[in-house]
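Coordinates as given in input04.tsv (TSV, C-alpha atoms and all ligand atoms):
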```
chain	number	residue	atom	x	y	z
A	7	MET	CA	0.00	0.00	0.00
A	8	THR	CA	1.42	3.45	-0.89
A	9	SER	CA	1.36	6.17	1.71
A	10	ILE	CA	-1.29	8.12	-0.21
A	11	GLU	CA	-3.47	5.03	-0.34
A	12	HIS	CA	-2.90	4.52	3.39
A	13	ASN	CA	-3.73	8.17	4.14
A	14	LEU	CA	-6.86	7.94	2.02
A	15	HIS	CA	-8.09	4.99	4.06
A	16	GLN	CA	-7.38	6.88	7.28
A	17	VAL	CA	-9.16	10.03	6.14
A	18	ARG	CA	-12.16	8.01	5.00
A	19	GLU	CA	-12.22	6.41	8.43
A	20	ARG	CA	-12.03	9.81	10.15
A	21	ILE	CA	-14.95	11.02	8.03
A	22	ALA	CA	-16.99	7.89	8.76
A	23	ALA	CA	-16.27	8.05	12.51
A	24	ALA	CA	-17.18	11.75	12.69
A	25	ALA	CA	-20.40	11.10	10.77
A	26	VAL	CA	-21.44	8.15	12.92
A	27	ARG	CA	-20.72	10.11	16.13
A	28	CYS	CA	-23.37	12.65	15.17
A	29	GLY	CA	-25.84	10.23	13.64
A	30	ARG	CA	-25.11	11.00	9.99
A	31	ALA	CA	-24.47	8.51	7.19
A	32	PRO	CA	-20.83	8.65	6.00
A	33	GLU	CA	-22.07	8.72	2.38
A	34	GLU	CA	-23.55	12.19	3.01
A	35	ILE	CA	-20.02	13.60	3.06
A	36	THR	CA	-17.94	13.88	-0.11
A	37	LEU	CA	-14.18	13.81	0.23
A	38	LEU	CA	-12.51	16.39	-1.99
A	39	ALA	CA	-8.79	15.63	-2.26
A	40	VAL	CA	-6.87	18.92	-2.39
A	41	SER	CA	-3.88	18.30	-4.64
A	42	LYS	CA	-2.47	21.83	-4.92
A	43	THR	CA	1.34	21.92	-5.22
A	44	LYS	CA	1.38	18.10	-5.56
A	45	PRO	CA	2.48	16.42	-8.82
A	46	ALA	CA	0.11	14.64	-11.18
A	47	SER	CA	1.73	11.37	-10.06
A	48	ALA	CA	0.37	11.93	-6.53
A	49	VAL	CA	-3.12	12.47	-7.95
A	50	ALA	CA	-2.73	9.29	-10.03
A	51	GLU	CA	-1.90	7.37	-6.84
A	52	ALA	CA	-5.06	8.65	-5.18
A	53	VAL	CA	-7.07	7.74	-8.29
A	54	ALA	CA	-5.65	4.22	-8.15
A	55	ALA	CA	-6.92	4.05	-4.57
A	56	GLY	CA	-10.44	5.01	-5.67
A	57	GLN	CA	-10.50	8.81	-5.25
A	58	ARG	CA	-12.35	10.74	-7.99
A	59	ALA	CA	-12.88	14.37	-6.83
A	60	PHE	CA	-9.90	16.73	-6.67
A	61	GLY	CA	-9.49	20.37	-5.67
A	62	GLU	CA	-6.94	22.80	-7.09
A	63	ASN	CA	-6.14	26.37	-6.00
A	64	TYR	CA	-4.02	27.69	-8.84
A	65	VAL	CA	-5.64	27.90	-12.26
A	66	GLN	CA	-2.61	27.16	-14.42
A	67	GLU	CA	-1.35	24.33	-12.22
A	68	GLY	CA	-4.85	22.83	-12.15
A	69	VAL	CA	-5.33	23.01	-15.93
A	70	GLU	CA	-1.97	21.28	-16.47
A	71	LYS	CA	-2.87	18.49	-14.05
A	72	ILE	CA	-6.32	18.05	-15.61
A	73	ALA	CA	-4.64	17.56	-19.00
A	74	ALA	CA	-1.99	15.21	-17.60
A	75	LEU	CA	-4.65	13.04	-15.95
A	76	MET	CA	-7.10	12.93	-18.88
A	77	THR	CA	-6.40	9.22	-19.41
A	78	GLU	CA	-7.15	8.35	-15.77
A	79	GLY	CA	-10.89	8.20	-16.47
A	80	ASP	CA	-13.72	10.38	-15.32
A	81	LEU	CA	-12.29	12.65	-12.61
A	82	GLN	CA	-14.17	15.59	-11.11
A	83	TRP	CA	-12.16	18.80	-10.78
A	84	HIS	CA	-13.04	21.59	-8.35
A	85	PHE	CA	-11.48	25.04	-8.40
A	86	ILE	CA	-11.08	26.18	-4.78
A	87	GLY	CA	-8.58	29.05	-4.97
A	88	PRO	CA	-9.05	32.81	-5.18
A	89	LEU	CA	-10.28	33.63	-8.69
A	90	GLN	CA	-9.10	36.63	-10.67
A	91	SER	CA	-11.22	37.84	-13.57
A	92	ASN	CA	-8.48	37.23	-16.11
A	93	LYS	CA	-8.37	33.51	-15.14
A	94	SER	CA	-12.11	32.86	-15.14
A	95	ARG	CA	-12.21	31.52	-18.69
A	96	LEU	CA	-9.81	28.67	-17.86
A	97	VAL	CA	-11.94	27.74	-14.84
A	98	ALA	CA	-15.16	27.84	-16.92
A	99	GLU	CA	-13.58	25.67	-19.61
A	100	HIS	CA	-11.77	23.04	-17.54
A	101	PHE	CA	-13.40	22.61	-14.14
A	102	ALA	CA	-16.72	21.05	-13.07
A	103	TRP	CA	-17.02	23.16	-9.91
A	104	CYS	CA	-15.92	26.56	-8.60
A	105	HIS	CA	-16.11	27.00	-4.80
A	106	THR	CA	-14.95	30.60	-4.58
A	107	VAL	CA	-17.58	32.78	-6.21
A	108	ASP	CA	-17.77	35.95	-4.10
A	109	ARG	CA	-18.96	38.63	-6.49
A	110	LEU	CA	-21.52	38.94	-9.26
A	111	ARG	CA	-18.97	40.09	-11.83
A	112	ILE	CA	-17.00	36.84	-11.58
A	113	ALA	CA	-20.23	34.80	-11.66
A	114	GLN	CA	-21.29	36.58	-14.84
A	115	ARG	CA	-17.93	35.93	-16.48
A	116	LEU	CA	-18.04	32.23	-15.57
A	117	ASN	CA	-21.60	32.05	-16.93
A	118	ASP	CA	-20.67	33.74	-20.21
A	119	GLN	CA	-17.49	31.68	-20.62
A	120	ARG	CA	-18.91	28.25	-19.79
A	121	PRO	CA	-18.68	26.25	-23.08
A	122	ALA	CA	-22.03	25.22	-24.54
A	123	HIS	CA	-21.04	21.54	-24.84
A	124	LEU	CA	-20.48	21.25	-21.07
A	125	PRO	CA	-23.15	21.05	-18.36
A	126	PRO	CA	-23.62	24.21	-16.25
A	127	LEU	CA	-20.67	24.98	-13.96
A	128	ASN	CA	-21.45	24.03	-10.35
A	129	VAL	CA	-20.75	27.00	-8.11
A	130	LEU	CA	-20.58	27.71	-4.41
A	131	ILE	CA	-20.70	31.14	-2.81
A	132	GLN	CA	-17.66	31.72	-0.61
A	133	VAL	CA	-18.53	33.22	2.77
A	134	ASN	CA	-16.01	35.05	4.95
A	135	ILE	CA	-17.21	33.52	8.20
A	136	SER	CA	-14.44	34.28	10.67
A	137	ASP	CA	-11.22	35.40	9.04
A	138	GLU	CA	-10.96	39.16	9.28
A	139	ASN	CA	-7.62	39.12	7.48
A	140	SER	CA	-8.97	37.33	4.43
A	141	LYS	CA	-10.05	39.35	1.42
A	142	SER	CA	-11.96	36.36	0.01
A	143	GLY	CA	-15.62	35.67	0.61
A	144	ILE	CA	-18.66	37.78	1.36
A	145	MET	CA	-20.40	38.51	4.65
A	146	LEU	CA	-23.31	36.23	5.54
A	147	GLU	CA	-25.77	39.11	5.16
A	148	ALA	CA	-24.81	39.46	1.49
A	149	VAL	CA	-25.51	35.81	0.60
A	150	PRO	CA	-29.23	36.09	-0.33
A	151	ALA	CA	-28.68	38.84	-2.91
A	152	LEU	CA	-25.72	37.12	-4.58
A	153	ALA	CA	-27.57	33.78	-4.53
A	154	ALA	CA	-30.57	35.33	-6.29
A	155	ALA	CA	-28.33	36.84	-8.96
A	156	ILE	CA	-26.44	33.58	-9.54
A	157	ALA	CA	-29.65	31.55	-9.66
A	158	ALA	CA	-30.69	33.64	-12.68
A	159	LEU	CA	-27.56	32.71	-14.67
A	160	PRO	CA	-28.37	29.73	-16.94
A	161	ARG	CA	-24.84	28.39	-17.38
A	162	LEU	CA	-24.21	28.20	-13.64
A	163	SER	CA	-25.76	25.78	-11.18
A	164	LEU	CA	-25.83	27.20	-7.65
A	165	ARG	CA	-25.06	24.26	-5.34
A	166	GLY	CA	-24.39	25.91	-1.97
A	167	LEU	CA	-21.85	27.60	0.25
A	168	MET	CA	-18.15	27.33	1.04
A	169	ALA	CA	-15.99	28.78	3.80
A	170	ILE	CA	-12.41	28.69	5.05
A	171	PRO	CA	-12.70	29.46	8.78
A	172	ALA	CA	-9.70	31.10	10.44
A	173	PRO	CA	-7.39	28.43	11.92
A	174	GLU	CA	-8.56	27.51	15.42
A	175	GLN	CA	-7.36	24.66	17.66
A	176	ASP	CA	-10.28	24.56	20.09
A	177	TYR	CA	-12.99	22.10	18.98
A	178	ALA	CA	-15.88	23.99	20.58
A	179	ARG	CA	-14.88	27.19	18.82
A	180	GLN	CA	-14.41	25.35	15.50
A	181	LEU	CA	-17.89	23.89	15.94
A	182	ALA	CA	-19.49	27.27	16.72
A	183	VAL	CA	-18.18	28.79	13.47
A	184	CYS	CA	-19.16	25.73	11.45
A	185	GLN	CA	-22.68	25.87	12.90
A	186	GLN	CA	-23.07	29.48	11.74
A	187	MET	CA	-22.26	28.31	8.23
A	188	ALA	CA	-24.66	25.39	8.54
A	189	SER	CA	-27.58	27.60	9.53
A	190	ALA	CA	-26.91	29.93	6.59
A	191	PHE	CA	-26.78	26.84	4.36
A	192	HIS	CA	-30.12	25.54	5.64
A	193	ALA	CA	-31.74	28.95	5.21
A	194	LEU	CA	-30.55	29.05	1.60
A	195	GLN	CA	-31.86	25.53	0.99
A	196	ARG	CA	-35.34	26.67	1.92
A	197	ASP	CA	-35.26	29.21	-0.93
A	198	TYR	CA	-33.41	27.01	-3.44
A	199	PRO	CA	-34.30	23.33	-3.04
A	200	ALA	CA	-31.55	22.24	-5.46
A	201	ILE	CA	-28.87	23.43	-3.07
A	202	ASP	CA	-27.10	20.43	-1.59
A	203	THR	CA	-23.48	21.32	-0.85
A	204	LEU	CA	-21.81	22.85	2.18
A	205	SER	CA	-18.06	22.83	1.46
A	206	LEU	CA	-16.53	23.12	4.90
A	207	GLY	CA	-13.76	21.35	6.81
A	208	MET	CA	-10.05	20.81	6.17
A	209	SER	CA	-7.42	18.48	7.67
A	210	ASP	CA	-7.53	20.17	11.09
A	211	ASP	CA	-11.24	20.84	11.53
A	212	MET	CA	-13.08	18.19	9.54
A	213	GLU	CA	-14.66	16.59	12.63
A	214	ALA	CA	-16.26	19.87	13.72
A	215	ALA	CA	-17.37	20.62	10.17
A	216	ILE	CA	-19.03	17.21	9.82
A	217	ALA	CA	-20.72	17.54	13.23
A	218	ALA	CA	-22.15	20.89	12.08
A	219	GLY	CA	-23.47	19.46	8.79
A	220	SER	CA	-20.75	19.81	6.15
A	221	THR	CA	-21.42	17.77	3.00
A	222	MET	CA	-17.96	18.17	1.46
A	223	VAL	CA	-14.62	18.26	3.25
A	224	ARG	CA	-11.54	19.57	1.44
A	225	ILE	CA	-8.51	17.60	2.57
A	226	GLY	CA	-4.94	18.22	1.47
A	227	THR	CA	-2.27	17.68	4.12
A	228	ALA	CA	-3.84	14.59	5.71
A	229	LEU	CA	-3.84	12.89	2.28
A	230	PHE	CA	-0.77	14.13	0.46
A	231	GLY	CA	1.47	15.32	3.32
A	232	ALA	CA	2.76	18.83	4.03
A	233	ARG	CA	3.00	21.22	1.10
A	234	ASP	CA	6.22	22.79	-0.15
A	235	TYR	CA	5.30	26.28	-1.32
A	236	ALA	CA	8.80	26.83	-2.70
A	237	ARG	CA	7.94	24.70	-5.69
A	238	PRO	CA	8.25	26.74	-8.87
A	239	SER	CA	4.87	25.69	-10.30
A	240	GLN	CA	3.12	28.33	-8.16
A	241	GLN	CA	1.65	31.40	-9.78
A	301	LIG	C1	-5.23	24.11	0.87
A	301	LIG	C2	-6.69	24.13	1.04
A	301	LIG	C3	-7.38	23.07	1.65
A	301	LIG	C4	-6.68	21.86	2.25
A	301	LIG	O1	-6.14	22.21	3.47
A	301	LIG	P1	-5.40	21.10	4.40
A	301	LIG	O2	-5.30	21.79	5.70
A	301	LIG	O3	-4.09	20.83	3.77
A	301	LIG	O4	-6.28	19.92	4.45
A	301	LIG	C5	-8.75	23.14	1.72
A	301	LIG	N1	-9.44	24.18	1.22
A	301	LIG	C6	-8.82	25.21	0.61
A	301	LIG	C7	-9.63	26.34	0.07
A	301	LIG	C8	-7.43	25.22	0.52
A	301	LIG	O5	-6.84	26.27	-0.07
```
Once more with this new file: its structure as structure tokens, please.
Ligand SMILES: *Cc1c(COP(=O)(O)O)cnc(C)c1O
Amino acid sequence: MTSIEHNLHQVRERIAAAAVRCGRAPEEITLLAVSKTKPASAVAEAVAAGQRAFGENYVQEGVEKIAALMTEGDLQWHFIGPLQSNKSRLVAEHFAWCHTVDRLRIAQRLNDQRPAHLPPLNVLIQVNISDENSKSGIMLEAVPALAAAIAALPRLSLRGLMAIPAPEQDYARQLAVCQQMASAFHALQRDYPAIDTLSLGMSDDMEAAIAAGSTMVRIGTALFGARDYARPSQQ
């Protein structure tokens, strides 16, 4: 067994244990493997171990990996990094999901640039739930207006919300932030029944996120090991 395969089993077990502890079915939670800064060979190892959904933060790096892994079968690629307008076309053309929509202008560009032969791009609205230093994401109060605008765009499919809470070691505090996201998610679901995705939880807070109601955890370090940001493929 390779170490990535081993890690994948362990992460799946963590997800299942966290789900069972709060009375949820493990299948309600999708594991998104965050492969940013990792080579295509690492993704291929995860694919061999049964993983299908991958998240990338850097547009160019992601597009290169998508091309390199074309022959690996039907993988699902999620863009989860900050999105600049001048990179939106590549996201619209190559990814199945974008988790980081936080303004109407970028939503409109993704809508206009989504190729006609592809299904609508699945999008999540990124909420700035607790990180005052982050420039990404909108305040909770702004979610209903942006959701209404996105719901009117035919080439986008609004699937839910995403957040990157500020790092926090204390479980109770992690849970409190995750619960705020969950109640915003449930409120949105009442207006848009097709909404089914709360993208919340990383290597260090996935248990709290699952207890609060996350449906998709984004896991990098616990699967692929620590990242080396000195690698030249960054942009
Ligand atoms: C890097 C990253 C992750 C993965 O974080 P880990 O702590 O390595 O699991 C998840 N979500 C986003 C948006 C990221 O940028």
ask   = For ligand LIG 301 (chain A), which residue out of A:Pro173, A:Pro125, A:Gly87, A:Pro160 is the nearest one, using all atoms listed in the file?
value =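 For ligand LIG 301 (chain A), the nearest of the candidates is A:Gly87.
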Contact table segment 191-210 of chain A vs segment 177-185 of chain A, cut-off 10 Å, shortest pair per residue, all atoms listed in the file, as a tab-separated table:
```
residue	atom	partner	partner_atom	distance
A:Phe191	CA	A:Gln185	CA	9.5
A:Leu206	CA	A:Cys184	CA	7.5
A:Gly207	CA	A:Cys184	CA	8.4
A:Asp210	CA	A:Gln180	CA	9.7
```
Write to file, as a PDB file, in the frame of the given file, the residues of the selection just made, with C-alpha atoms.
```
ATOM      1  CA  PHE A 191     -26.780  26.840   4.360  1.00  0.00           C
ATOM      2  CA  LEU A 206     -16.530  23.120   4.900  1.00  0.00           C
ATOM      3  CA  GLY A 207     -13.760  21.350   6.810  1.00  0.00           C
ATOM      4  CA  ASP A 210      -7.530  20.170  11.090  1.00  0.00           C
TER       5      ASP A 210
END
```
task = Could I get the residue neighbourhood of ligand LIG 301 (chain A) at 7 Å, counting only C-alpha atoms and all ligand atoms, as a PyMOL selection string?
result = chain A and resi 40+42+63+86-87+170+208-210+224-228
query = List as a PyMOL selection string: which residues have an atom within 6 Å of (-6.4, 15.9, -13.3), counting all atoms listed in the file?
reply = chain A and resi 71-72+75
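Distance annotation: of A:Leu81, A:Leu127, A:Leu89, A:Ala232, the residue with the minimal separation from Thr106 of chain A is A:Leu89; atom set is only C-alpha atoms.
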Missing atoms in segment 18-42 of chain A: fill them in up to N, CA, C and O atoms and send the result as a tab-separated table (two decimals), in the frame of the given file.
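Contents of selection-v7.tsv, freshly written:
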```
chain	number	residue	atom	x	y	z
A	18	ARG	N	-10.80	8.54	5.16
A	18	ARG	CA	-12.16	8.01	5.00
A	18	ARG	C	-12.68	7.49	6.35
A	18	ARG	O	-13.86	7.66	6.66
A	19	GLU	N	-11.79	6.89	7.12
A	19	GLU	CA	-12.22	6.41	8.43
A	19	GLU	C	-12.54	7.56	9.38
A	19	GLU	O	-13.49	7.50	10.16
A	20	ARG	N	-11.73	8.63	9.32
A	20	ARG	CA	-12.03	9.81	10.15
A	20	ARG	C	-13.39	10.39	9.78
A	20	ARG	O	-14.17	10.79	10.65
A	21	ILE	N	-13.66	10.48	8.49
A	21	ILE	CA	-14.95	11.02	8.03
A	21	ILE	C	-16.09	10.12	8.53
A	21	ILE	O	-17.08	10.61	9.09
A	22	ALA	N	-15.93	8.82	8.35
A	22	ALA	CA	-16.99	7.89	8.76
A	22	ALA	C	-17.22	7.97	10.27
A	22	ALA	O	-18.36	8.00	10.73
A	23	ALA	N	-16.13	8.01	11.04
A	23	ALA	CA	-16.27	8.05	12.51
A	23	ALA	C	-16.96	9.34	12.94
A	23	ALA	O	-17.84	9.33	13.81
A	24	ALA	N	-16.56	10.46	12.33
A	24	ALA	CA	-17.18	11.75	12.69
A	24	ALA	C	-18.66	11.74	12.33
A	24	ALA	O	-19.49	12.26	13.08
A	25	ALA	N	-18.99	11.15	11.19
A	25	ALA	CA	-20.40	11.10	10.77
A	25	ALA	C	-21.21	10.25	11.74
A	25	ALA	O	-22.27	10.68	12.23
A	26	VAL	N	-20.71	9.07	12.05
A	26	VAL	CA	-21.44	8.15	12.92
A	26	VAL	C	-21.65	8.77	14.30
A	26	VAL	O	-22.72	8.65	14.89
A	27	ARG	N	-20.60	9.48	14.79
A	27	ARG	CA	-20.72	10.11	16.13
A	27	ARG	C	-21.90	11.07	16.21
A	27	ARG	O	-22.47	11.28	17.26
A	28	CYS	N	-22.26	11.70	15.09
A	28	CYS	CA	-23.37	12.65	15.17
A	28	CYS	C	-24.60	12.14	14.43
A	28	CYS	O	-25.48	12.91	14.05
A	29	GLY	N	-24.64	10.83	14.20
A	29	GLY	CA	-25.84	10.23	13.64
A	29	GLY	C	-26.06	10.49	12.16
A	29	GLY	O	-27.18	10.42	11.67
A	30	ARG	N	-24.98	10.80	11.44
A	30	ARG	CA	-25.11	11.00	9.99
A	30	ARG	C	-24.55	9.77	9.26
A	30	ARG	O	-23.72	9.05	9.79
A	31	ALA	N	-25.02	9.59	8.01
A	31	ALA	CA	-24.47	8.51	7.19
A	31	ALA	C	-23.17	9.01	6.55
A	31	ALA	O	-23.14	10.10	5.99
A	32	PRO	N	-22.10	8.21	6.61
A	32	PRO	CA	-20.83	8.65	6.00
A	32	PRO	C	-20.96	9.04	4.53
A	32	PRO	O	-20.25	9.93	4.06
A	33	GLU	N	-21.91	8.42	3.82
A	33	GLU	CA	-22.07	8.72	2.38
A	33	GLU	C	-22.58	10.15	2.14
A	33	GLU	O	-22.55	10.64	1.02
A	34	GLU	N	-23.08	10.81	3.19
A	34	GLU	CA	-23.55	12.19	3.01
A	34	GLU	C	-22.38	13.16	2.81
A	34	GLU	O	-22.59	14.31	2.46
A	35	ILE	N	-21.16	12.69	3.10
A	35	ILE	CA	-20.02	13.60	3.06
A	35	ILE	C	-19.07	13.20	1.94
A	35	ILE	O	-18.54	12.08	1.92
A	36	THR	N	-18.86	14.11	1.01
A	36	THR	CA	-17.94	13.88	-0.11
A	36	THR	C	-16.54	14.30	0.31
A	36	THR	O	-16.35	15.36	0.90
A	37	LEU	N	-15.58	13.47	-0.02
A	37	LEU	CA	-14.18	13.81	0.23
A	37	LEU	C	-13.59	14.44	-1.03
A	37	LEU	O	-13.53	13.81	-2.09
A	38	LEU	N	-13.21	15.72	-0.90
A	38	LEU	CA	-12.51	16.39	-1.99
A	38	LEU	C	-11.02	16.37	-1.64
A	38	LEU	O	-10.60	16.90	-0.61
A	39	ALA	N	-10.23	15.73	-2.50
A	39	ALA	CA	-8.79	15.63	-2.26
A	39	ALA	C	-8.11	16.87	-2.83
A	39	ALA	O	-8.19	17.13	-4.03
A	40	VAL	N	-7.49	17.65	-1.96
A	40	VAL	CA	-6.87	18.92	-2.39
A	40	VAL	C	-5.43	18.65	-2.79
A	40	VAL	O	-4.57	18.37	-1.95
A	41	SER	N	-5.17	18.72	-4.10
A	41	SER	CA	-3.88	18.30	-4.64
A	41	SER	C	-2.97	19.46	-5.01
A	41	SER	O	-1.95	19.26	-5.67
A	42	LYS	N	-3.30	20.67	-4.58
A	42	LYS	CA	-2.47	21.83	-4.92
A	42	LYS	C	-1.02	21.62	-4.51
A	42	LYS	O	-0.77	21.05	-3.44
```
